Structures are given as C-alpha cells and as structure tokens.
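K.L.:
One file: work-v6.pdb (PDB, C-alpha atoms, pLDDT in the B column).
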```pdb
ATOM      1  CA  GLY J 294       0.000   0.000   0.000  1.00 85.00           C
ATOM      2  CA  LEU J 295       3.008   2.304  -0.179  1.00 90.00           C
ATOM      3  CA  SER J 296       2.834   5.150  -2.640  1.00 90.00           C
ATOM      4  CA  VAL J 297       4.283   4.510  -6.086  1.00 91.00           C
ATOM      5  CA  ASN J 298       6.556   6.937  -7.900  1.00 92.00           C
ATOM      6  CA  TYR J 299       6.278   7.568 -11.634  1.00 92.00           C
ATOM      7  CA  GLU J 300       8.748   8.845 -14.190  1.00 93.00           C
ATOM      8  CA  VAL J 301       8.274   9.604 -17.885  1.00 95.00           C
ATOM      9  CA  SER J 302      10.984   9.122 -20.469  1.00 94.00           C
ATOM     10  CA  ASP J 303      10.088  12.204 -22.510  1.00 94.00           C
ATOM     11  CA  SER J 304       8.540  15.183 -20.770  1.00 92.00           C
ATOM     12  CA  SER J 305       7.863  16.853 -24.116  1.00 92.00           C
ATOM     13  CA  ILE J 306       5.284  14.150 -24.839  1.00 91.00           C
ATOM     14  CA  ALA J 307       3.765  13.574 -21.382  1.00 92.00           C
ATOM     15  CA  TYR J 308       4.233  14.412 -17.725  1.00 93.00           C
ATOM     16  CA  ILE J 309       2.941  13.262 -14.354  1.00 93.00           C
ATOM     17  CA  GLN J 310       0.534  15.415 -12.388  1.00 92.00           C
ATOM     18  CA  GLY J 311      -0.489  13.720  -9.169  1.00 87.00           C
ATOM     19  CA  ASN J 312      -1.581  10.279 -10.199  1.00 86.00           C
ATOM     20  CA  ARG J 313      -2.476  11.383 -13.740  1.00 91.00           C
ATOM     21  CA  LEU J 314      -0.531  11.119 -16.965  1.00 92.00           C
ATOM     22  CA  MET J 315      -0.916  14.392 -18.852  1.00 91.00           C
ATOM     23  CA  PHE J 316      -0.359  14.425 -22.610  1.00 90.00           C
ATOM     24  CA  LEU J 317       1.420  17.207 -24.484  1.00 90.00           C
ATOM     25  CA  SER J 318       1.896  15.775 -27.972  1.00 88.00           C
ATOM     26  CA  SER J 319       1.809  12.598 -29.998  1.00 89.00           C
ATOM     27  CA  GLY J 320       4.607  10.030 -29.922  1.00 92.00           C
ATOM     28  CA  TYR J 321       5.978   7.146 -27.886  1.00 93.00           C
ATOM     29  CA  CYS J 322       6.721   7.526 -24.209  1.00 93.00           C
ATOM     30  CA  SER J 323       7.845   5.131 -21.465  1.00 95.00           C
ATOM     31  CA  ILE J 324       6.407   5.320 -17.951  1.00 94.00           C
ATOM     32  CA  LYS J 325       8.431   3.887 -15.092  1.00 94.00           C
ATOM     33  CA  ALA J 326       6.663   2.929 -11.871  1.00 93.00           C
ATOM     34  CA  SER J 327       8.865   2.386  -8.804  1.00 93.00           C
ATOM     35  CA  GLN J 328       8.581   1.913  -5.040  1.00 92.00           C
ATOM     36  CA  ASN J 329      11.735   2.336  -2.922  1.00 92.00           C
ATOM     37  CA  GLY J 330      10.488   0.318   0.053  1.00 91.00           C
ATOM     38  CA  ASN J 331      10.755   1.263   3.766  1.00 92.00           C
ATOM     39  CA  ASP J 332      11.679  -0.287   7.086  1.00 90.00           C
ATOM     40  CA  ILE J 333       9.337  -3.136   6.416  1.00 90.00           C
ATOM     41  CA  TYR J 334       9.282  -3.596   2.665  1.00 91.00           C
ATOM     42  CA  ASN J 335      12.110  -4.119   0.256  1.00 92.00           C
ATOM     43  CA  GLU J 336      12.380  -1.979  -2.800  1.00 92.00           C
ATOM     44  CA  ALA J 337      10.037  -3.249  -5.502  1.00 92.00           C
ATOM     45  CA  ASN J 338      11.206  -4.142  -8.962  1.00 93.00           C
ATOM     46  CA  SER J 339      10.473  -1.211 -11.231  1.00 94.00           C
ATOM     47  CA  VAL J 340       7.919  -1.674 -13.975  1.00 95.00           C
ATOM     48  CA  VAL J 341       8.242   0.138 -17.322  1.00 95.00           C
ATOM     49  CA  ARG J 342       5.385   0.449 -19.751  1.00 95.00           C
ATOM     50  CA  THR J 343       5.480   2.141 -23.173  1.00 95.00           C
ATOM     51  CA  ILE J 344       2.518   4.090 -24.402  1.00 94.00           C
ATOM     52  CA  LYS J 345       1.777   5.412 -27.875  1.00 94.00           C
ATOM     53  CA  ILE J 346      -0.001   8.733 -27.984  1.00 93.00           C
ATOM     54  CA  GLU J 347      -1.729   9.225 -31.330  1.00 93.00           C
ATOM     55  CA  LYS J 348      -2.836  12.455 -32.920  1.00 93.00           C
ATOM     56  CA  ILE J 349      -6.556  13.136 -33.252  1.00 93.00           C
ATOM     57  CA  ASN J 350      -8.134  13.048 -36.697  1.00 95.00           C
ATOM     58  CA  GLN J 351      -9.998  16.200 -37.596  1.00 95.00           C
ATOM     59  CA  THR J 352     -12.879  16.743 -39.991  1.00 96.00           C
ATOM     60  CA  MET J 353     -13.541  19.702 -42.235  1.00 96.00           C
ATOM     61  CA  GLN J 354     -16.612  21.308 -43.749  1.00 95.00           C
ATOM     62  CA  PHE J 355     -15.967  23.168 -46.999  1.00 94.00           C
ATOM     63  CA  ASP J 356     -18.626  24.292 -49.460  1.00 92.00           C
ATOM     64  CA  ILE J 357     -18.310  26.525 -52.528  1.00 90.00           C
ATOM     65  CA  PRO J 358     -20.611  26.967 -55.561  1.00 90.00           C
ATOM     66  CA  GLN J 359     -19.969  24.518 -58.407  1.00 89.00           C
ATOM     67  CA  ILE J 360     -20.657  27.150 -61.078  1.00 89.00           C
ATOM     68  CA  VAL J 361     -20.206  30.925 -60.904  1.00 89.00           C
ATOM     69  CA  SER J 362     -20.167  33.638 -63.565  1.00 88.00           C
ATOM     70  CA  THR J 363     -17.359  36.055 -64.264  1.00 84.00           C
ATOM     71  CA  ASP J 364     -19.373  38.965 -62.832  1.00 84.00           C
ATOM     72  CA  LYS J 365     -19.067  37.310 -59.422  1.00 83.00           C
ATOM     73  CA  LYS J 366     -15.986  39.214 -58.330  1.00 85.00           C
ATOM     74  CA  GLU J 367     -15.302  37.228 -55.160  1.00 89.00           C
ATOM     75  CA  ILE J 368     -16.497  34.247 -53.117  1.00 91.00           C
ATOM     76  CA  ASP J 369     -16.248  33.922 -49.342  1.00 92.00           C
ATOM     77  CA  LEU J 370     -14.172  30.925 -48.277  1.00 93.00           C
ATOM     78  CA  ASN J 371     -15.573  29.499 -45.062  1.00 91.00           C
ATOM     79  CA  ALA J 372     -14.021  26.094 -44.470  1.00 94.00           C
ATOM     80  CA  ILE J 373     -14.181  25.021 -40.827  1.00 93.00           C
ATOM     81  CA  GLY J 374     -12.055  22.309 -39.213  1.00 93.00           C
ATOM     82  CA  SER J 375     -13.259  20.402 -36.176  1.00 95.00           C
ATOM     83  CA  SER J 376      -9.958  21.241 -34.451  1.00 94.00           C
ATOM     84  CA  GLY J 377     -10.675  24.967 -34.581  1.00 93.00           C
ATOM     85  CA  LEU J 378      -7.237  25.532 -36.096  1.00 95.00           C
ATOM     86  CA  ILE J 379      -6.768  28.081 -38.905  1.00 94.00           C
ATOM     87  CA  VAL J 380      -7.568  26.804 -42.406  1.00 95.00           C
ATOM     88  CA  GLU J 381      -5.447  27.777 -45.417  1.00 95.00           C
ATOM     89  CA  TYR J 382      -6.460  27.803 -49.094  1.00 96.00           C
ATOM     90  CA  GLU J 383      -4.744  27.107 -52.411  1.00 95.00           C
ATOM     91  CA  VAL J 384      -5.946  27.393 -56.015  1.00 96.00           C
ATOM     92  CA  SER J 385      -4.767  25.285 -58.938  1.00 95.00           C
ATOM     93  CA  ASP J 386      -4.620  28.171 -61.432  1.00 95.00           C
ATOM     94  CA  THR J 387      -3.938  31.723 -60.271  1.00 94.00           C
ATOM     95  CA  ASN J 388      -4.705  33.004 -63.767  1.00 93.00           C
ATOM     96  CA  ILE J 389      -8.343  32.093 -63.164  1.00 92.00           C
ATOM     97  CA  ALA J 390      -8.700  32.909 -59.465  1.00 93.00           C
ATOM     98  CA  GLU J 391      -6.615  33.732 -56.427  1.00 94.00           C
ATOM     99  CA  VAL J 392      -7.063  33.720 -52.669  1.00 94.00           C
ATOM    100  CA  LEU J 393      -6.844  37.073 -50.943  1.00 92.00           C
ATOM    101  CA  ASN J 394      -7.845  37.868 -47.357  1.00 90.00           C
ATOM    102  CA  GLY J 395      -9.973  34.758 -47.021  1.00 88.00           C
ATOM    103  CA  LYS J 396     -11.847  35.397 -50.278  1.00 92.00           C
ATOM    104  CA  LEU J 397     -11.606  33.817 -53.702  1.00 93.00           C
ATOM    105  CA  LYS J 398     -11.054  36.565 -56.270  1.00 94.00           C
ATOM    106  CA  ILE J 399     -12.414  35.728 -59.736  1.00 92.00           C
ATOM    107  CA  LYS J 400     -10.215  36.752 -62.677  1.00 89.00           C
ATOM    108  CA  GLU J 401     -11.511  34.984 -65.768  1.00 88.00           C
ATOM    109  CA  SER J 402     -13.510  32.003 -66.996  1.00 90.00           C
ATOM    110  CA  GLY J 403     -12.338  28.394 -66.762  1.00 92.00           C
ATOM    111  CA  PHE J 404     -12.067  25.475 -64.352  1.00 93.00           C
ATOM    112  CA  CYS J 405     -10.222  25.793 -61.067  1.00 92.00           C
ATOM    113  CA  VAL J 406      -9.592  23.622 -58.025  1.00 96.00           C
ATOM    114  CA  VAL J 407      -9.667  25.195 -54.574  1.00 96.00           C
ATOM    115  CA  THR J 408      -8.058  23.252 -51.746  1.00 96.00           C
ATOM    116  CA  ALA J 409      -8.810  23.962 -48.107  1.00 96.00           C
ATOM    117  CA  LYS J 410      -6.170  22.520 -45.839  1.00 96.00           C
ATOM    118  CA  GLN J 411      -5.256  22.388 -42.199  1.00 96.00           C
ATOM    119  CA  ASN J 412      -1.719  21.182 -41.544  1.00 95.00           C
ATOM    120  CA  GLY J 413      -2.421  19.920 -38.061  1.00 93.00           C
ATOM    121  CA  ASN J 414      -0.202  20.334 -35.020  1.00 91.00           C
ATOM    122  CA  ILE J 415       1.178  18.223 -32.206  1.00 87.00           C
ATOM    123  CA  ILE J 416      -2.336  17.141 -31.319  1.00 89.00           C
ATOM    124  CA  TYR J 417      -4.252  16.968 -34.625  1.00 93.00           C
ATOM    125  CA  ASN J 418      -3.522  15.221 -37.906  1.00 95.00           C
ATOM    126  CA  ALA J 419      -3.507  17.256 -41.120  1.00 96.00           C
ATOM    127  CA  ILE J 420      -6.547  17.330 -43.400  1.00 97.00           C
ATOM    128  CA  SER J 421      -7.354  18.795 -46.813  1.00 96.00           C
ATOM    129  CA  ILE J 422     -10.430  18.981 -49.057  1.00 96.00           C
ATOM    130  CA  SER J 423     -10.406  20.017 -52.721  1.00 96.00           C
ATOM    131  CA  LYS J 424     -13.377  21.389 -54.639  1.00 94.00           C
ATOM    132  CA  THR J 425     -13.600  21.969 -58.392  1.00 94.00           C
ATOM    133  CA  PHE J 426     -15.699  24.830 -59.686  1.00 90.00           C
ATOM    134  CA  LYS J 427     -16.417  26.351 -63.083  1.00 92.00           C
ATOM    135  CA  ILE J 428     -16.354  30.045 -63.874  1.00 92.00           C
ATOM    136  CA  GLU J 429     -18.579  30.787 -66.850  1.00 93.00           C
ATOM    137  CA  LYS J 430     -18.454  33.797 -69.136  1.00 92.00           C
ATOM    138  CA  LEU J 431     -21.386  36.196 -69.307  1.00 92.00           C
ATOM    139  CA  ASN J 432     -23.556  36.467 -72.395  1.00 95.00           C
ATOM    140  CA  GLN J 433     -23.878  39.795 -74.158  1.00 96.00           C
ATOM    141  CA  THR J 434     -26.269  41.234 -76.735  1.00 97.00           C
ATOM    142  CA  LEU J 435     -25.883  43.779 -79.506  1.00 97.00           C
ATOM    143  CA  SER J 436     -28.017  46.770 -80.400  1.00 95.00           C
ATOM    144  CA  PHE J 437     -27.885  48.112 -83.957  1.00 93.00           C
ATOM    145  CA  ILE J 438     -29.968  50.796 -85.658  1.00 91.00           C
ATOM    146  CA  MET J 439     -29.578  50.996 -89.429  1.00 88.00           C
ATOM    147  CA  PRO J 440     -29.957  54.364 -91.196  1.00 86.00           C
ATOM    148  CA  THR J 441     -32.961  54.588 -93.534  1.00 85.00           C
ATOM    149  CA  ASN J 442     -33.828  56.607 -96.621  1.00 87.00           C
ATOM    150  CA  VAL J 443     -30.213  56.735 -97.727  1.00 91.00           C
ATOM    151  CA  LEU J 444     -29.309  58.376-101.018  1.00 92.00           C
ATOM    152  CA  ALA J 445     -26.152  57.996-103.037  1.00 93.00           C
ATOM    153  CA  ASN J 446     -25.152  61.577-102.267  1.00 93.00           C
ATOM    154  CA  SER J 447     -25.749  61.304 -98.517  1.00 91.00           C
ATOM    155  CA  GLU J 448     -23.157  62.614 -96.114  1.00 93.00           C
ATOM    156  CA  PRO J 449     -21.362  60.041 -93.895  1.00 93.00           C
ATOM    157  CA  LEU J 450     -23.920  58.436 -91.574  1.00 92.00           C
ATOM    158  CA  GLU J 451     -23.267  57.477 -87.952  1.00 90.00           C
ATOM    159  CA  ILE J 452     -23.604  53.783 -87.159  1.00 89.00           C
ATOM    160  CA  LYS J 453     -25.519  53.393 -83.895  1.00 91.00           C
ATOM    161  CA  ALA J 454     -24.310  50.039 -82.581  1.00 94.00           C
ATOM    162  CA  SER J 455     -23.373  48.966 -79.052  1.00 95.00           C
ATOM    163  CA  ALA J 456     -22.867  45.876 -76.893  1.00 96.00           C
ATOM    164  CA  SER J 457     -24.561  45.281 -73.530  1.00 96.00           C
ATOM    165  CA  SER J 458     -21.101  44.451 -72.167  1.00 94.00           C
ATOM    166  CA  GLY J 459     -19.848  47.942 -72.985  1.00 95.00           C
ATOM    167  CA  LEU J 460     -17.073  46.420 -75.108  1.00 96.00           C
ATOM    168  CA  PRO J 461     -16.317  48.063 -78.483  1.00 96.00           C
ATOM    169  CA  VAL J 462     -18.130  46.620 -81.503  1.00 96.00           C
ATOM    170  CA  GLU J 463     -16.784  45.962 -84.991  1.00 95.00           C
ATOM    171  CA  VAL J 464     -18.847  47.094 -88.001  1.00 95.00           C
ATOM    172  CA  GLN J 465     -18.264  45.678 -91.491  1.00 95.00           C
ATOM    173  CA  SER J 466     -19.739  46.258 -94.942  1.00 95.00           C
ATOM    174  CA  SER J 467     -20.311  43.411 -97.392  1.00 96.00           C
ATOM    175  CA  ASP J 468     -19.541  45.599-100.428  1.00 96.00           C
ATOM    176  CA  ASN J 469     -17.107  48.475-100.092  1.00 95.00           C
ATOM    177  CA  SER J 470     -17.908  49.591-103.632  1.00 95.00           C
ATOM    178  CA  VAL J 471     -21.376  50.568-102.395  1.00 95.00           C
ATOM    179  CA  ALA J 472     -20.547  51.711 -98.869  1.00 95.00           C
ATOM    180  CA  TYR J 473     -17.720  51.249 -96.397  1.00 94.00           C
ATOM    181  CA  ILE J 474     -17.098  51.872 -92.700  1.00 94.00           C
ATOM    182  CA  GLU J 475     -14.693  54.525 -91.492  1.00 93.00           C
ATOM    183  CA  ASN J 476     -14.443  55.849 -87.918  1.00 90.00           C
ATOM    184  CA  ASN J 477     -17.783  54.235 -87.075  1.00 87.00           C
ATOM    185  CA  LYS J 478     -19.492  56.059 -89.944  1.00 91.00           C
ATOM    186  CA  LEU J 479     -21.098  54.695 -93.091  1.00 93.00           C
ATOM    187  CA  ILE J 480     -19.470  56.272 -96.138  1.00 94.00           C
ATOM    188  CA  ILE J 481     -21.676  56.112 -99.233  1.00 94.00           C
ATOM    189  CA  VAL J 482     -19.901  55.362-102.506  1.00 94.00           C
ATOM    190  CA  ALA J 483     -22.665  54.501-104.953  1.00 95.00           C
ATOM    191  CA  SER J 484     -26.225  53.309-105.208  1.00 94.00           C
ATOM    192  CA  GLY J 485     -26.964  49.677-104.593  1.00 94.00           C
ATOM    193  CA  VAL J 486     -27.636  47.175-101.810  1.00 94.00           C
ATOM    194  CA  CYS J 487     -25.123  45.942 -99.217  1.00 94.00           C
ATOM    195  CA  SER J 488     -25.155  44.297 -95.819  1.00 95.00           C
ATOM    196  CA  ILE J 489     -23.802  45.870 -92.655  1.00 95.00           C
ATOM    197  CA  SER J 490     -22.705  43.487 -89.908  1.00 96.00           C
ATOM    198  CA  VAL J 491     -22.022  44.289 -86.271  1.00 96.00           C
ATOM    199  CA  LYS J 492     -20.082  41.873 -84.065  1.00 96.00           C
ATOM    200  CA  GLN J 493     -18.359  41.678 -80.713  1.00 97.00           C
ATOM    201  CA  ASP J 494     -15.901  38.822 -80.123  1.00 96.00           C
ATOM    202  CA  GLY J 495     -16.027  38.853 -76.323  1.00 95.00           C
ATOM    203  CA  ASN J 496     -13.113  38.688 -73.899  1.00 91.00           C
ATOM    204  CA  SER J 497     -12.094  36.837 -70.741  1.00 85.00           C
ATOM    205  CA  ILE J 498     -15.381  37.826 -69.093  1.00 88.00           C
ATOM    206  CA  TYR J 499     -17.945  37.897 -71.922  1.00 93.00           C
ATOM    207  CA  ASN J 500     -18.899  35.355 -74.568  1.00 95.00           C
ATOM    208  CA  PRO J 501     -18.971  36.504 -78.205  1.00 96.00           C
ATOM    209  CA  ALA J 502     -22.240  38.200 -79.090  1.00 97.00           C
ATOM    210  CA  SER J 503     -24.482  36.924 -81.860  1.00 96.00           C
ATOM    211  CA  THR J 504     -23.624  38.929 -84.956  1.00 96.00           C
ATOM    212  CA  ILE J 505     -26.348  41.229 -86.291  1.00 96.00           C
ATOM    213  CA  THR J 506     -26.534  41.760 -90.064  1.00 96.00           C
ATOM    214  CA  LYS J 507     -28.877  44.203 -91.763  1.00 94.00           C
ATOM    215  CA  SER J 508     -29.278  45.145 -95.413  1.00 94.00           C
ATOM    216  CA  ILE J 509     -29.275  48.735 -96.559  1.00 93.00           C
ATOM    217  CA  ARG J 510     -30.513  50.093 -99.865  1.00 93.00           C
ATOM    218  CA  ILE J 511     -28.860  53.171-101.239  1.00 94.00           C
ATOM    219  CA  ASP J 512     -31.022  54.876-103.851  1.00 93.00           C
ATOM    220  CA  LYS J 513     -29.917  57.015-106.689  1.00 94.00           C
ATOM    221  CA  VAL J 514     -30.738  60.700-106.399  1.00 93.00           C
ATOM    222  CA  ASP J 515     -33.556  62.034-108.527  1.00 90.00           C
ATOM    223  CA  GLN J 516     -32.562  64.841-110.806  1.00 90.00           C
ATOM    224  CA  THR J 517     -34.475  67.485-112.765  1.00 90.00           C
ATOM    225  CA  ILE J 518     -33.679  69.363-115.943  1.00 90.00           C
ATOM    226  CA  ASP J 519     -34.167  73.061-116.262  1.00 89.00           C
ATOM    227  CA  PHE J 520     -34.555  73.798-119.986  1.00 86.00           C
ATOM    228  CA  MET J 521     -35.918  76.980-121.475  1.00 85.00           C
ATOM    229  CA  LEU J 522     -36.504  78.096-125.087  1.00 83.00           C
ATOM    230  CA  PRO J 523     -37.885  81.383-126.434  1.00 80.00           C
ATOM    231  CA  ASN J 524     -41.569  81.288-127.345  1.00 80.00           C
ATOM    232  CA  VAL J 525     -40.928  82.633-130.833  1.00 81.00           C
ATOM    233  CA  ALA J 526     -37.983  82.305-133.120  1.00 72.00           C
ATOM    234  CA  TYR J 527     -37.480  84.151-136.451  1.00 77.00           C
ATOM    235  CA  ILE J 528     -35.587  82.998-139.477  1.00 77.00           C
ATOM    236  CA  ASP J 529     -33.391  85.771-140.719  1.00 68.00           C
TER     237      ASP J 529
END
```
Go ahead and render the structure in this file as structure tokens.
P.N.:
Amino acid sequence: GLSVNYEVSDSSIAYIQGNRLMFLSSGYCSIKASQNGNDIYNEANSVVRTIKIEKINQTMQFDIPQIVSTDKKEIDLNAIGSSGLIVEYEVSDTNIAEVLNGKLKIKESGFCVVTAKQNGNIIYNAISISKTFKIEKLNQTLSFIMPTNVLANSEPLEIKASASSGLPVEVQSSDNSVAYIENNKLIIVASGVCSISVKQDGNSIYNPASTITKSIRIDKVDQTIDFMLPNVAYID
C-alpha cells in the first residue's frame, strides 16, 4: 500500500501530475513505476510500460458553388475544421482565381480547383479537401440601328451600334464599292444594296455576341432638268 513513484521518459510528450498522466503531444513515451520500500518492505522491482499517444483526426466542412459567372468578383471561403485551427487555401490556377484575405477573387472564366487545408499540429492530424468549380463567361447582346432613306449623295452616316457588355463593336460592310465603314461612320460610294454586320468577339469575361446583319438600300438621287426656249424664233 506504499505510494508509487512515476517517471516519464520524454517530458515533451507527457508528464505526471499527481496520479495522472498528462499528454502534451503525440509520440511514444515510457512510464516507469517504482517503489523504494521502507523499514518493512524491500524496494520493488520497477515496472516500465510504453505508451503510444496518437494524434486526433480532424474533420472539415468546406462548401463553394460549383458554377459561378465572371461577374461574381469574389467568393467567401468558409471552411471550418473540427480542431478549430486556422484553415489555409490554395488554387490550382492563379490566372483564373486567387485567394486574398480569405476570399476567392475571380479573374476569368475556366475550371479551377480550390483546396482547403489544415496542416495539423502536435495534437491533430492534417486534413485537406479540394473542390472543383467552373467560372462561366457572361452572355452579351448587340443593339444596332440601321440608317434609312439613304441616297447615293448622302453625307457620312453614324452607325448606332453597341454591346450590352460595354465592349467596343466591330462594323463591317459586305460591299465596299457601295458603302464602307470609317471611324464608325457609313461612307456612301454609290447606289446599290449591301449588308452591314455588327459583331463583338467577347473577352475573358464575356462570350462573343451573336452577330447582327442588316441590309441597306442606297437609292440614286432624282434629278431634274431646267430647260428653257424662247416662245418665238425668227428665221433671218
């Protein structure tokens, strides 16, 4: 019934507090139990036991949208580990998106993998979860008003065309011998019929717009003749 003394082989892994073994980190540790005896009892043979202290597995919750559009400038990253330790993030392609101040910043369309990871510590094992998401381009539309009642002697006419994206549009004529485009104006060359097309090829954020093509008829100019003769003529 004499009190037993305990010693640990590695105090960085565990230590004795009273009759309790207190854990500090994972690893192997040996515990020695001894009793030095007294006036009645001889010293007992020491007993050594080895204990393995394992790290705790942690879980993680990580949700992000599977599909976002390029007008979504940023996404909150809110992964939570059961350990309560700080979670870090990585992206597979920083040309498409990057992590900044706990948010996913969208740059352009494409596929990207976001990994939430927690590297663990002396108590918890590491964990990581990867999510793939798609960033889709936005659609855009074109607006195009064609001039009417155009004559072959008309002054240059402004082409009223624009894209909902705000990107610059390209205007083309099907027959430059009838009319051509210069500085966003329709320059009339001769009478006839030609087609004017407006297009916008898109960029890293917007899809190409559906091209709009309209026909224009350029009419010849009516002319009059002013012709006068004397009412009476005499033969000399």
K.L.:
Find, counting only C-alpha atoms, the residue in J:Ile389, J:Ser447, J:Tyr382, J:Ser457 that gets nearest to Ser423 (chain J).
P.N.:
J:Tyr382
K.L.:
Using the chain letters and numbers from the file, which residues does the PyMOL selection byres ((chain J and resi 315) around 12) grab, as a list in words?
P.N.:
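Checking the PyMOL selection byres ((chain J and resi 315) around 12) against this file, the residues are Val301, Asp303, Ser304, Ser305, Ile306, Ala307, Tyr308, Ile309, Gln310, Gly311, Asn312, Arg313, Leu314, Phe316, Leu317, Ser318, Ser319, Cys322, Ile324 and Ile346 of chain J.
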K.L.:
Print the selection's residues with C-alpha atoms to a file, as a PDB file, in the frame of the given file.
P.N.:
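Result file out-v2.pdb:
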```
ATOM      1  CA  VAL J 301       8.274   9.604 -17.885  1.00 95.00           C
ATOM      2  CA  ASP J 303      10.088  12.204 -22.510  1.00 94.00           C
ATOM      3  CA  SER J 304       8.540  15.183 -20.770  1.00 92.00           C
ATOM      4  CA  SER J 305       7.863  16.853 -24.116  1.00 92.00           C
ATOM      5  CA  ILE J 306       5.284  14.150 -24.839  1.00 91.00           C
ATOM      6  CA  ALA J 307       3.765  13.574 -21.382  1.00 92.00           C
ATOM      7  CA  TYR J 308       4.233  14.412 -17.725  1.00 93.00           C
ATOM      8  CA  ILE J 309       2.941  13.262 -14.354  1.00 93.00           C
ATOM      9  CA  GLN J 310       0.534  15.415 -12.388  1.00 92.00           C
ATOM     10  CA  GLY J 311      -0.489  13.720  -9.169  1.00 87.00           C
ATOM     11  CA  ASN J 312      -1.581  10.279 -10.199  1.00 86.00           C
ATOM     12  CA  ARG J 313      -2.476  11.383 -13.740  1.00 91.00           C
ATOM     13  CA  LEU J 314      -0.531  11.119 -16.965  1.00 92.00           C
ATOM     14  CA  PHE J 316      -0.359  14.425 -22.610  1.00 90.00           C
ATOM     15  CA  LEU J 317       1.420  17.207 -24.484  1.00 90.00           C
ATOM     16  CA  SER J 318       1.896  15.775 -27.972  1.00 88.00           C
ATOM     17  CA  SER J 319       1.809  12.598 -29.998  1.00 89.00           C
ATOM     18  CA  CYS J 322       6.721   7.526 -24.209  1.00 93.00           C
ATOM     19  CA  ILE J 324       6.407   5.320 -17.951  1.00 94.00           C
ATOM     20  CA  ILE J 346      -0.001   8.733 -27.984  1.00 93.00           C
TER      21      ILE J 346
END
```
K.L.:
Run through the PyMOL selection byres ((chain J and resi 372) around 7) on the given coordinates and return the selected residues as a PyMOL selection string.
P.N.:
chain J and resi 353-355+370-371+373-374+380+409
K.L.:
Taking all atoms listed in the file into account, name the residue in J:Val482, J:Ile428, J:Ile505, J:Cys487 that is nearest to Ser402 (chain J).
P.N.:
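Of J:Val482, J:Ile428, J:Ile505, J:Cys487, the one nearest Ser402 (chain J), counting all atoms listed in the file, is J:Ile428.
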K.L.:
Which distance in Å separates CA of Ala502 (chain J) and CA of Gln359 (chain J), to one decimal?
P.N.:
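One can read the CA of Ala502 (chain J) to CA of Gln359 (chain J) distance as 24.9 Å.
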K.L.:
Determine the residue set returned by the PyMOL selection byres ((chain J and resi 451) around 10) for the present structure, and present it as a list in words.
P.N.:
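So the PyMOL selection byres ((chain J and resi 451) around 10), applied here, picks out Ile438, Met439, Pro440, Glu448, Pro449, Leu450, Ile452, Lys453, Ala454, Ile474, Glu475, Asn476, Asn477, Lys478, Leu479 and Ile480 of chain J.
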K.L.:
Of the residues J:Ser375, J:Glu300, J:Thr352, J:Ser484, which is the one nearest to Val340 (chain J), using all atoms listed in the file?
P.N.:
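Closest to Val340 (chain J) of all the choices is J:Glu300.
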